[in-house]
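Enquirer: Contents of coords-v1.csv (CSV, C-alpha atoms) are below:
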chain,number,residue,atom,x,y,z
A,1244,MET,CA,29.2,-75.1,71.1
A,1245,TYR,CA,26.2,-72.8,70.9
A,1246,PHE,CA,22.5,-72.8,71.0
A,1247,ALA,CA,20.3,-71.9,68.0
A,1248,TYR,CA,16.6,-71.9,67.2
A,1249,PRO,CA,15.8,-71.6,63.5
A,1250,CYS,CA,12.5,-70.0,62.7
A,1251,PRO,CA,9.9,-72.7,61.8
A,1252,GLU,CA,7.1,-70.3,60.6
A,1253,PRO,CA,7.3,-71.1,56.8
A,1254,LEU,CA,6.9,-74.8,57.5
A,1255,LEU,CA,4.1,-74.2,60.0
A,1256,THR,CA,2.2,-72.0,57.6
A,1257,ASP,CA,2.2,-74.7,54.9
A,1258,LEU,CA,1.7,-77.7,57.1
A,1259,ASP,CA,-1.9,-79.1,57.0
A,1260,VAL,CA,-2.9,-79.0,60.6
A,1261,HIS,CA,-5.1,-82.1,60.1
A,1262,LEU,CA,-1.8,-84.1,59.8
A,1263,LEU,CA,-1.3,-83.6,63.5
A,1264,PHE,CA,-4.4,-85.7,64.3
A,1265,SER,CA,-3.8,-88.6,61.9
A,1266,THR,CA,-1.0,-91.1,62.4
A,1267,ASN,CA,-1.4,-92.6,59.0
A,1268,ARG,CA,-1.2,-89.3,57.1
A,1269,LEU,CA,1.8,-87.8,59.0
A,1270,HIS,CA,4.5,-88.3,56.4
A,1271,ALA,CA,8.2,-88.6,57.2
A,1272,ARG,CA,9.1,-85.9,54.7
A,1273,TRP,CA,7.8,-83.2,57.2
A,1274,VAL,CA,10.0,-84.6,59.9
A,1275,ARG,CA,13.0,-84.7,57.5
A,1276,SER,CA,12.3,-81.0,56.6
A,1277,LEU,CA,12.3,-80.1,60.3
A,1278,LEU,CA,15.5,-82.0,61.0
A,1279,VAL,CA,17.3,-80.0,58.2
A,1280,LEU,CA,16.6,-76.9,60.3
A,1281,THR,CA,18.5,-78.4,63.3
A,1282,GLN,CA,21.9,-79.0,61.5
A,1283,THR,CA,23.9,-77.1,64.1
A,1284,PRO,CA,27.3,-78.0,65.5
A,1285,TRP,CA,26.0,-78.7,69.0
A,1286,LEU,CA,23.7,-81.4,67.8
A,1287,PRO,CA,25.9,-84.6,67.4
A,1288,GLY,CA,24.8,-87.9,66.0
A,1289,ARG,CA,21.9,-86.7,63.8
A,1290,GLU,CA,21.0,-89.0,60.9
A,1291,ASP,CA,18.3,-88.4,58.4
A,1292,CYS,CA,15.0,-90.3,58.7
A,1293,GLY,CA,14.9,-93.2,56.4
A,1294,THR,CA,11.8,-94.3,54.5
A,1295,ASN,CA,11.6,-97.5,56.5
A,1296,GLY,CA,11.6,-95.6,59.8
A,1297,SER,CA,14.5,-97.6,61.1
A,1298,SER,CA,17.1,-94.9,61.3
A,1299,VAL,CA,18.0,-93.5,64.7
A,1300,VAL,CA,17.8,-89.7,65.0
A,1301,GLY,CA,20.3,-87.9,67.3
A,1302,PHE,CA,18.3,-87.2,70.5
A,1303,PRO,CA,18.9,-83.4,70.8
A,1304,ALA,CA,18.1,-82.8,67.2
A,1305,ALA,CA,15.0,-84.9,67.3
A,1306,ALA,CA,13.8,-83.3,70.6
A,1307,LEU,CA,14.0,-79.8,69.2
A,1308,ALA,CA,12.5,-80.7,65.9
A,1309,PHE,CA,9.5,-82.4,67.6
A,1310,THR,CA,8.7,-79.2,69.4
A,1311,PHE,CA,8.2,-77.3,66.2
A,1312,VAL,CA,5.3,-79.2,64.7
A,1313,PRO,CA,2.7,-78.7,67.6
A,1314,CYS,CA,3.9,-75.1,68.3
A,1315,SER,CA,1.2,-73.7,66.1
A,1316,PHE,CA,-1.5,-75.2,68.4
A,1317,PRO,CA,-1.1,-72.5,71.1
A,1318,SER,CA,-2.5,-69.9,68.5
A,1319,VAL,CA,-5.8,-72.0,68.5
A,1320,THR,CA,-6.3,-71.8,72.2
A,1321,PHE,CA,-4.8,-68.4,72.7
A,1322,PRO,CA,-8.1,-66.6,73.3
A,1323,LEU,CA,-8.4,-68.7,76.5
A,1324,ASP,CA,-4.9,-67.5,77.5
A,1325,LEU,CA,-5.8,-63.9,76.9
A,1326,THR,CA,-9.0,-64.3,78.9
A,1327,LYS,CA,-7.1,-66.0,81.7
A,1328,THR,CA,-4.6,-63.1,81.9
A,1329,ARG,CA,-7.4,-60.5,82.1
A,1330,LEU,CA,-9.2,-62.4,84.8
A,1331,GLN,CA,-6.0,-62.6,86.9
A,1332,VAL,CA,-5.6,-58.9,87.2
A,1333,GLN,CA,-9.3,-58.1,87.8
A,1334,GLY,CA,-10.1,-56.9,91.3
A,1335,GLU,CA,-6.4,-56.5,92.2
A,1336,ALA,CA,-6.2,-55.4,95.8
A,1337,ALA,CA,-2.9,-53.7,95.4
A,1338,VAL,CA,-4.4,-51.4,92.8
A,1339,HIS,CA,-7.2,-50.3,95.1
A,1340,ARG,CA,-4.6,-49.5,97.9
A,1341,ASN,CA,-2.7,-47.3,95.5
A,1342,GLY,CA,-5.8,-45.2,94.9
A,1343,ALA,CA,-5.4,-42.4,92.4
A,1344,ALA,CA,-2.0,-43.6,91.4
A,1345,ALA,CA,-3.6,-46.5,89.7
A,1346,ALA,CA,-7.0,-45.1,88.9
A,1347,GLY,CA,-8.9,-46.8,86.3
A,1348,GLN,CA,-7.0,-50.0,86.5
A,1349,ALA,CA,-9.5,-51.9,88.7
A,1350,VAL,CA,-12.2,-53.8,86.7
A,1351,ALA,CA,-15.1,-55.6,88.3
A,1352,TYR,CA,-14.7,-59.3,88.2
A,1353,ARG,CA,-16.8,-60.6,85.3
A,1354,GLY,CA,-16.0,-64.3,85.0
A,1355,MET,CA,-14.6,-66.2,82.0
A,1356,LEU,CA,-17.5,-65.9,79.5
A,1357,ARG,CA,-18.3,-62.3,80.3
A,1358,THR,CA,-14.7,-61.3,80.1
A,1359,ALA,CA,-14.2,-63.0,76.7
A,1360,ALA,CA,-17.5,-61.4,75.4
A,1361,GLY,CA,-16.4,-58.0,76.8
A,1362,ILE,CA,-13.1,-58.2,74.9
A,1363,VAL,CA,-14.9,-59.0,71.6
A,1364,GLN,CA,-17.5,-56.2,72.1
A,1365,GLU,CA,-15.2,-53.5,73.4
A,1366,GLU,CA,-12.0,-54.3,71.5
A,1367,GLY,CA,-12.9,-56.5,68.6
A,1368,VAL,CA,-12.5,-60.2,67.7
A,1369,ARG,CA,-8.9,-59.8,66.6
A,1370,LYS,CA,-7.8,-58.6,70.0
A,1371,LEU,CA,-8.5,-62.1,71.3
A,1372,TRP,CA,-5.1,-63.0,69.6
A,1373,GLN,CA,-3.3,-59.9,71.0
A,1374,GLY,CA,0.2,-61.2,72.0
A,1375,ALA,CA,-0.1,-64.5,70.0
A,1376,THR,CA,3.2,-64.0,68.2
A,1377,PRO,CA,5.4,-63.8,71.3
A,1378,ALA,CA,3.4,-66.7,72.7
A,1379,VAL,CA,4.6,-68.9,69.7
A,1380,TYR,CA,8.2,-67.6,70.2
A,1381,ARG,CA,7.9,-68.6,73.9
A,1382,HIS,CA,6.7,-72.1,73.1
A,1383,ILE,CA,9.6,-72.8,70.7
A,1384,VAL,CA,12.2,-71.7,73.2
A,1385,TYR,CA,10.5,-73.1,76.3
A,1386,SER,CA,9.4,-76.5,75.1
A,1387,GLY,CA,12.6,-77.0,73.1
A,1388,VAL,CA,14.7,-76.5,76.2
A,1389,ARG,CA,12.5,-78.3,78.7
A,1390,MET,CA,12.1,-81.5,76.7
A,1391,VAL,CA,15.9,-81.8,76.0
A,1392,VAL,CA,16.8,-81.0,79.7
A,1393,TYR,CA,14.2,-83.4,81.2
A,1394,GLU,CA,15.2,-86.4,79.1
A,1395,HIS,CA,18.9,-85.7,79.6
A,1396,LEU,CA,18.4,-85.5,83.4
A,1397,ARG,CA,16.2,-88.7,83.4
A,1398,ASP,CA,18.6,-90.8,81.2
A,1399,SER,CA,22.0,-89.4,82.0
A,1400,VAL,CA,22.1,-87.5,85.3
A,1401,LEU,CA,19.5,-88.8,87.7
A,1402,GLY,CA,19.3,-92.3,86.1
A,1403,ARG,CA,16.7,-95.0,86.1
A,1404,SER,CA,16.3,-97.8,88.5
A,1405,GLU,CA,17.6,-101.3,87.8
A,1406,ASP,CA,14.2,-102.3,86.5
A,1407,GLU,CA,14.2,-99.3,84.1
A,1408,SER,CA,11.6,-97.5,86.1
A,1409,PHE,CA,12.1,-93.8,86.9
A,1410,PRO,CA,11.4,-93.1,90.6
A,1411,PHE,CA,8.7,-90.5,91.3
A,1412,TRP,CA,11.0,-88.2,93.3
A,1413,LYS,CA,13.5,-88.1,90.5
A,1414,ALA,CA,10.7,-87.3,88.1
A,1415,VAL,CA,9.7,-84.4,90.3
A,1416,VAL,CA,13.2,-83.1,90.4
A,1417,GLY,CA,13.7,-83.5,86.7
A,1418,GLY,CA,10.4,-81.9,85.8
A,1419,MET,CA,10.8,-78.9,88.0
A,1420,SER,CA,14.4,-78.4,86.9
A,1421,ALA,CA,13.6,-78.7,83.2
A,1422,GLY,CA,10.7,-76.3,83.5
A,1423,ALA,CA,12.7,-73.7,85.5
A,1424,ILE,CA,15.6,-73.8,83.0
A,1425,GLY,CA,13.3,-73.7,79.9
A,1426,GLN,CA,11.3,-70.8,81.3
A,1427,PHE,CA,14.3,-68.8,82.3
A,1428,PHE,CA,15.5,-68.7,78.6
A,1429,ALA,CA,11.9,-67.9,77.5
A,1430,SER,CA,11.1,-65.3,80.1
A,1431,PRO,CA,11.6,-62.2,77.8
A,1432,THR,CA,9.0,-63.6,75.3
A,1433,ASP,CA,6.6,-64.2,78.2
A,1434,LEU,CA,7.1,-60.6,79.5
A,1435,VAL,CA,6.2,-59.2,76.0
A,1436,LYS,CA,3.2,-61.5,75.7
A,1437,VAL,CA,1.7,-60.5,79.0
A,1438,GLN,CA,2.2,-56.8,78.4
A,1439,MET,CA,0.8,-57.0,74.9
A,1440,GLN,CA,-2.2,-58.8,76.2
A,1441,MET,CA,-3.0,-55.8,78.4
A,1442,GLU,CA,-2.8,-53.2,75.6
A,1443,GLY,CA,-6.5,-53.4,74.8
A,1444,LYS,CA,-7.4,-52.8,78.4
A,1445,ARG,CA,-5.1,-49.8,78.5
A,1446,LYS,CA,-6.8,-48.3,75.4
A,1447,LEU,CA,-10.2,-48.7,77.0
A,1448,GLU,CA,-8.9,-46.9,80.1
A,1449,GLY,CA,-7.8,-43.9,77.9
A,1450,LYS,CA,-4.1,-44.7,78.4
A,1451,PRO,CA,-1.6,-44.5,75.6
A,1452,LEU,CA,-0.5,-47.8,74.0
A,1453,ARG,CA,3.0,-48.9,74.9
A,1454,PHE,CA,3.9,-51.0,71.9
A,1455,ARG,CA,3.3,-50.9,68.1
A,1456,GLY,CA,4.2,-54.6,67.7
A,1457,VAL,CA,6.4,-57.4,69.0
A,1458,HIS,CA,9.7,-56.0,67.7
A,1459,HIS,CA,8.9,-52.6,69.1
A,1460,ALA,CA,7.9,-54.1,72.5
A,1461,PHE,CA,11.3,-56.0,72.7
A,1462,MET,CA,13.3,-52.9,71.8
A,1463,LYS,CA,11.3,-50.5,74.1
A,1464,ILE,CA,11.7,-52.8,77.1
A,1465,LEU,CA,15.4,-53.2,76.3
A,1466,SER,CA,16.0,-49.5,75.9
A,1467,GLU,CA,14.2,-48.6,79.1
A,1468,GLY,CA,15.4,-51.4,81.4
A,1469,GLY,CA,18.4,-52.9,79.6
A,1470,ILE,CA,19.0,-56.6,79.5
A,1471,ARG,CA,17.8,-57.0,83.0
A,1472,GLY,CA,14.5,-55.4,82.0
A,1473,LEU,CA,13.8,-58.3,79.6
A,1474,TRP,CA,13.9,-60.6,82.6
A,1475,ALA,CA,11.6,-58.6,84.8
A,1476,GLY,CA,9.4,-61.0,86.7
A,1477,TRP,CA,11.6,-64.0,85.9
A,1478,VAL,CA,11.5,-65.3,89.5
A,1479,PRO,CA,7.7,-65.9,89.7
A,1480,ASN,CA,7.9,-67.0,86.0
A,1481,VAL,CA,10.4,-69.7,86.8
A,1482,GLN,CA,8.6,-70.7,89.9
A,1483,ARG,CA,5.4,-71.1,87.9
A,1484,ALA,CA,7.1,-73.1,85.2
A,1485,ALA,CA,8.7,-75.4,87.7
A,1486,LEU,CA,5.3,-76.2,89.2
A,1487,VAL,CA,3.6,-76.6,85.8
A,1488,ASN,CA,6.2,-79.0,84.7
A,1489,MET,CA,6.0,-80.9,87.9
A,1490,GLY,CA,2.4,-81.4,86.9
A,1491,ASP,CA,3.0,-81.8,83.1
A,1492,LEU,CA,6.3,-83.7,82.5
A,1493,THR,CA,6.4,-85.5,85.9
A,1494,THR,CA,2.7,-86.6,85.7
A,1495,TYR,CA,2.8,-87.7,82.1
A,1496,ASP,CA,6.0,-89.7,82.5
A,1497,SER,CA,4.9,-91.3,85.8
A,1498,VAL,CA,1.3,-92.1,84.7
A,1499,LYS,CA,2.4,-93.4,81.3
A,1500,HIS,CA,4.9,-95.8,82.8
A,1501,PHE,CA,2.6,-96.8,85.7
A,1502,LEU,CA,0.0,-97.8,83.1
A,1503,LEU,CA,2.5,-99.7,81.0
A,1504,GLN,CA,3.8,-101.6,84.1
A,1505,ASN,CA,0.6,-102.3,86.0
A,1506,THR,CA,-2.2,-102.5,83.4
A,1507,PRO,CA,-2.8,-104.4,80.2
A,1508,LEU,CA,-2.4,-101.2,78.2
A,1509,VAL,CA,0.4,-101.0,75.7
A,1510,ASP,CA,2.5,-98.1,74.5
A,1511,ASN,CA,0.0,-96.5,72.1
A,1512,SER,CA,-2.2,-93.5,71.6
A,1513,VAL,CA,-4.7,-94.7,74.3
A,1514,THR,CA,-2.0,-94.7,76.9
A,1515,HIS,CA,-0.6,-91.4,75.7
A,1516,SER,CA,-4.1,-89.8,75.8
A,1517,ILE,CA,-4.8,-90.9,79.4
A,1518,ALA,CA,-1.4,-89.7,80.6
A,1519,SER,CA,-1.7,-86.4,78.8
A,1520,CYS,CA,-5.2,-85.7,80.2
A,1521,CYS,CA,-3.9,-86.3,83.7
A,1522,SER,CA,-0.8,-84.1,83.1
A,1523,GLY,CA,-3.0,-81.2,81.8
A,1524,LEU,CA,-5.2,-81.2,84.9
A,1525,VAL,CA,-2.4,-81.5,87.5
A,1526,ALA,CA,-0.4,-78.8,85.7
A,1527,ALA,CA,-3.3,-76.4,85.8
A,1528,VAL,CA,-4.0,-77.1,89.5
A,1529,LEU,CA,-0.3,-76.6,90.5
A,1530,GLY,CA,0.5,-73.8,88.2
A,1531,THR,CA,-2.4,-71.4,88.4
A,1532,PRO,CA,-1.5,-69.7,91.8
A,1533,ALA,CA,2.1,-69.0,90.5
A,1534,ASP,CA,0.6,-67.9,87.2
A,1535,VAL,CA,-1.5,-65.3,88.9
A,1536,VAL,CA,1.5,-63.9,90.8
A,1537,LYS,CA,3.6,-64.0,87.6
A,1538,THR,CA,1.0,-62.1,85.6
A,1539,ARG,CA,0.6,-59.4,88.3
A,1540,ILE,CA,4.3,-58.9,88.7
A,1541,MET,CA,4.9,-58.6,85.0
A,1542,ASN,CA,1.9,-56.3,84.4
A,1543,GLN,CA,2.5,-53.8,87.3
A,1544,PRO,CA,3.6,-50.3,86.5
A,1545,ARG,CA,7.3,-49.6,87.1
A,1546,ASP,CA,9.4,-46.5,88.0
A,1547,LYS,CA,12.3,-45.2,85.9
A,1548,GLN,CA,14.7,-47.7,87.5
A,1549,GLY,CA,12.5,-50.6,86.5
A,1550,ARG,CA,11.3,-51.3,90.1
A,1551,GLY,CA,7.7,-52.4,90.5
A,1552,LEU,CA,5.3,-49.8,92.1
A,1553,LEU,CA,2.8,-52.4,93.4
A,1554,TYR,CA,4.8,-55.4,94.6
A,1555,LYS,CA,8.4,-55.7,95.9
A,1556,SER,CA,8.7,-59.4,95.1
A,1557,SER,CA,6.7,-62.4,94.2
A,1558,THR,CA,6.3,-63.2,97.9
A,1559,ASP,CA,4.9,-59.7,98.6
A,1560,CYS,CA,2.5,-60.2,95.7
A,1561,LEU,CA,1.4,-63.5,97.1
A,1562,ILE,CA,0.8,-62.1,100.5
A,1563,GLN,CA,-1.0,-59.0,99.3
A,1564,THR,CA,-3.2,-61.1,97.0
A,1565,VAL,CA,-4.3,-63.6,99.7
A,1566,GLN,CA,-4.8,-60.9,102.4
A,1567,GLY,CA,-6.7,-58.5,100.1
A,1568,GLU,CA,-8.7,-61.0,98.0
A,1569,GLY,CA,-8.7,-64.3,99.8
A,1570,PHE,CA,-7.0,-67.6,99.0
A,1571,MET,CA,-9.2,-68.5,96.1
A,1572,SER,CA,-8.1,-65.4,94.3
A,1573,LEU,CA,-4.9,-67.4,93.5
A,1574,TYR,CA,-7.1,-69.5,91.2
A,1575,LYS,CA,-8.5,-66.6,89.2
A,1576,GLY,CA,-8.5,-67.8,85.6
A,1577,PHE,CA,-8.3,-71.5,86.5
A,1578,ILE,CA,-11.2,-72.6,84.2
A,1579,PRO,CA,-9.7,-71.0,81.0
A,1580,THR,CA,-6.2,-72.2,82.1
A,1581,TRP,CA,-7.4,-75.8,82.3
A,1582,MET,CA,-9.5,-75.5,79.2
A,1583,ARG,CA,-6.4,-74.3,77.3
A,1584,MET,CA,-3.9,-76.8,78.9
A,1585,ALA,CA,-6.0,-79.9,78.6
A,1586,PRO,CA,-6.3,-80.0,74.8
A,1587,TRP,CA,-2.8,-78.5,74.3
A,1588,SER,CA,-1.3,-81.3,76.4
A,1589,LEU,CA,-3.3,-83.9,74.6
A,1590,VAL,CA,-2.2,-82.7,71.1
A,1591,PHE,CA,1.4,-82.0,72.1
A,1592,TRP,CA,2.0,-85.4,73.7
A,1593,LEU,CA,0.2,-87.4,71.0
A,1594,THR,CA,2.1,-85.6,68.2
A,1595,TYR,CA,5.4,-85.7,70.1
A,1596,GLU,CA,5.2,-89.5,70.6
A,1597,GLN,CA,4.1,-90.2,67.0
A,1598,ILE,CA,7.0,-88.2,65.5
A,1599,ARG,CA,9.4,-90.0,67.7
A,1600,ARG,CA,8.0,-93.3,66.5
A,1601,ILE,CA,8.2,-92.3,62.9
A,1602,CYS,CA,11.8,-91.3,63.2
A,1603,GLY,CA,12.8,-94.5,65.0
A,1604,VAL,CA,13.4,-92.8,68.3
A,1605,SER,CA,12.3,-94.7,71.5
A,1606,SER,CA,9.0,-93.6,73.1
A,1607,PHE,CA,9.3,-90.8,75.7
Would you write the structure of this file as structure tokens?
Expert:
Amino acid sequence: MYFAYPCPEPLLTDLDVHLLFSTNRLHARWVRSLLVLTQTPWLPGREDCGTNGSSVVGFPAAALAFTFVPCSFPSVTFPLDLTKTRLQVQGEAAVHRNGAAAAGQAVAYRGMLRTAAGIVQEEGVRKLWQGATPAVYRHIVYSGVRMVVYEHLRDSVLGRSEDESFPFWKAVVGGMSAGAIGQFFASPTDLVKVQMQMEGKRKLEGKPLRFRGVHHAFMKILSEGGIRGLWAGWVPNVQRAALVNMGDLTTYDSVKHFLLQNTPLVDNSVTHSIASCCSGLVAAVLGTPADVVKTRIMNQPRDKQGRGLLYKSSTDCLIQTVQGEGFMSLYKGFIPTWMRMAPWSLVFWLTYEQIRRICGVSSF
């Protein structure tokens, strides 16, 4: 038994993105094409989608295939992610305390719009997508794992109540566990993404660029820090993912089933939209503080042994940030974070639910 992630880029390049927003135009042939990619020994019970939509697709195969279609959407909102990352390291108190050792790293806080405009003016429009490739890789790994793990925990491990409801505390445990596991596997791609996002800033400061591309970034980090180097900052990364998924998976699942059980709403796009909007907001509120800590841990300079020069741990980073910049500094970049997560959550959940319906798989 092994774990495999086939590359979906050829399909994503040719797929008309407008199909993602139209139920009537989303053809089953795209789903069948994606399911072909998941013919691996560890995915039992997979059957091809029939034209009548009545066939049942093996759950693990379907769950992974469903994550491939919307994974091109992060590239649309990626400039917001880049802006958020730059905001999170502006005015870093630990940098000021290190004085000359970190000279040139501190940047006056400019706000979301001025930061985005500054990137365009100083680095060029294309730099708004700096690090987009590892972001797509991260999404494939992260969402593929978290969706499989959460549904497995909900249906097989934690279990539903006798009335088929899923208790909120179980949803919290399942969401946090799924997010933590998914992010652990995806942590190397997140590390590369964060460091590549800061390359333009390094160039403006007169510092040499660290990477020539995604492959070079992976190989350089691996050669300098070994396998452990690829997981630098994984602790705050996993903590952040656990909180985000408590907001995303838990909120979506709980709100959706609450609406179905206590309102006249039925299991359709309206219900999915309301639940996804709630999940995007809660995820942004819960995840932003941990995201600030994660970004600073991953972006800090390191010695030859791979140890951080600014922060000893995520707890140390949290304490230094609050003491030096105030509690609200933990919400630096919140607006672009929410602006990115809200539409992403809406598109992801609507697409995910519609593909499940087309393939004859029960609603999430």
Enquirer: Find the distance between atom CA of Leu1323 of chain A and atom CA of Arg1583 of chain A and write it in Å to one decimal.
Expert: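 Interatomic distance, atom CA of Leu1323 of chain A to atom CA of Arg1583 of chain A: 6.0 Å.
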Enquirer: Can you pull out every residue within 7 Å of Ala1484 of chain A, counting only C-alpha atoms, but drop anything in the same chain fewer than 2 positions away, and send it as a ChimeraX atom specification?
Expert: /A:1422-1423,1426,1480-1482,1486-1488
Enquirer: Residues within 9 Å of Arg1389 of chain A, please, as a list in words. Count all atoms listed in the file; anything in the same chain fewer than 2 positions from it doesn't count.
Expert: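 Surrounding residues, per the criterion: Val1384, Tyr1385, Ser1386, Gly1387, Val1391, Val1392, Tyr1393, Glu1394, Gly1418, Ser1420, Ala1421, Gly1422, Ala1423, Ile1424, Gly1425, Gln1426 and Asn1488 of chain A.
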Enquirer: Using all atoms listed in the file, give me every residue within 9 Å of (-5.5, -68.1, 77.5) in file coordinates, as a VMD selection string.
Expert: chain A and resid 1317 1320 to 1328 1576 1579 to 1580 1582 to 1584
Enquirer: Please write the residues from the selection above to a file, keeping C-alpha atoms, as a JSON list (two decimals), in the frame of the given file.
Expert:
[["chain", "number", "residue", "atom", "x", "y", "z"],
["A", 1317, "PRO", "CA", -1.10, -72.50, 71.10],
["A", 1320, "THR", "CA", -6.30, -71.80, 72.20],
["A", 1321, "PHE", "CA", -4.80, -68.40, 72.70],
["A", 1322, "PRO", "CA", -8.10, -66.60, 73.30],
["A", 1323, "LEU", "CA", -8.40, -68.70, 76.50],
["A", 1324, "ASP", "CA", -4.90, -67.50, 77.50],
["A", 1325, "LEU", "CA", -5.80, -63.90, 76.90],
["A", 1326, "THR", "CA", -9.00, -64.30, 78.90],
["A", 1327, "LYS", "CA", -7.10, -66.00, 81.70],
["A", 1328, "THR", "CA", -4.60, -63.10, 81.90],
["A", 1576, "GLY", "CA", -8.50, -67.80, 85.60],
["A", 1579, "PRO", "CA", -9.70, -71.00, 81.00],
["A", 1580, "THR", "CA", -6.20, -72.20, 82.10],
["A", 1582, "MET", "CA", -9.50, -75.50, 79.20],
["A", 1583, "ARG", "CA", -6.40, -74.30, 77.30],
["A", 1584, "MET", "CA", -3.90, -76.80, 78.90]]
Enquirer: Taking all atoms listed in the file into account, name the residue in A:His1515, A:Val1528, A:Leu1447, A:Gly1549 that is nearest to Ile1470 of chain A.
Expert: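 Distance minimum relative to Ile1470 of chain A lands on A:Gly1549.
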Enquirer: As a PyMOL selection string, please: the residues near Gly1468 of chain A (cut-off 9 Å, only C-alpha atoms, same-chain neighbours under 5 positions excluded).
Expert: chain A and resi 1463+1473+1475+1547-1549
Enquirer: What lies within 9 Å of Pro1431 of chain A using only C-alpha atoms, ignoring chain neighbours under 3 positions off, as a ChimeraX atom specification?
Expert: /A:1381,1427-1428,1434-1436,1461,1472-1475,1477
Enquirer: Using all atoms listed in the file for the distances, tell me which of A:Met1355, A:Cys1520, A:Ala1414, A:Ile1598 is nearest to Thr1493 of chain A.
Expert: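 Ranking A:Met1355, A:Cys1520, A:Ala1414, A:Ile1598 by distance to Thr1493 of chain A, first place goes to A:Ala1414.
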Enquirer: I'd like to know which of A:Ser1516, A:Ser1466, A:Gln1364, A:Ser1557 is closest to Asp1534 of chain A, using all atoms listed in the file.
Expert: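 Once distances to Asp1534 of chain A are computed over all atoms listed in the file, the minimum belongs to A:Ser1557.
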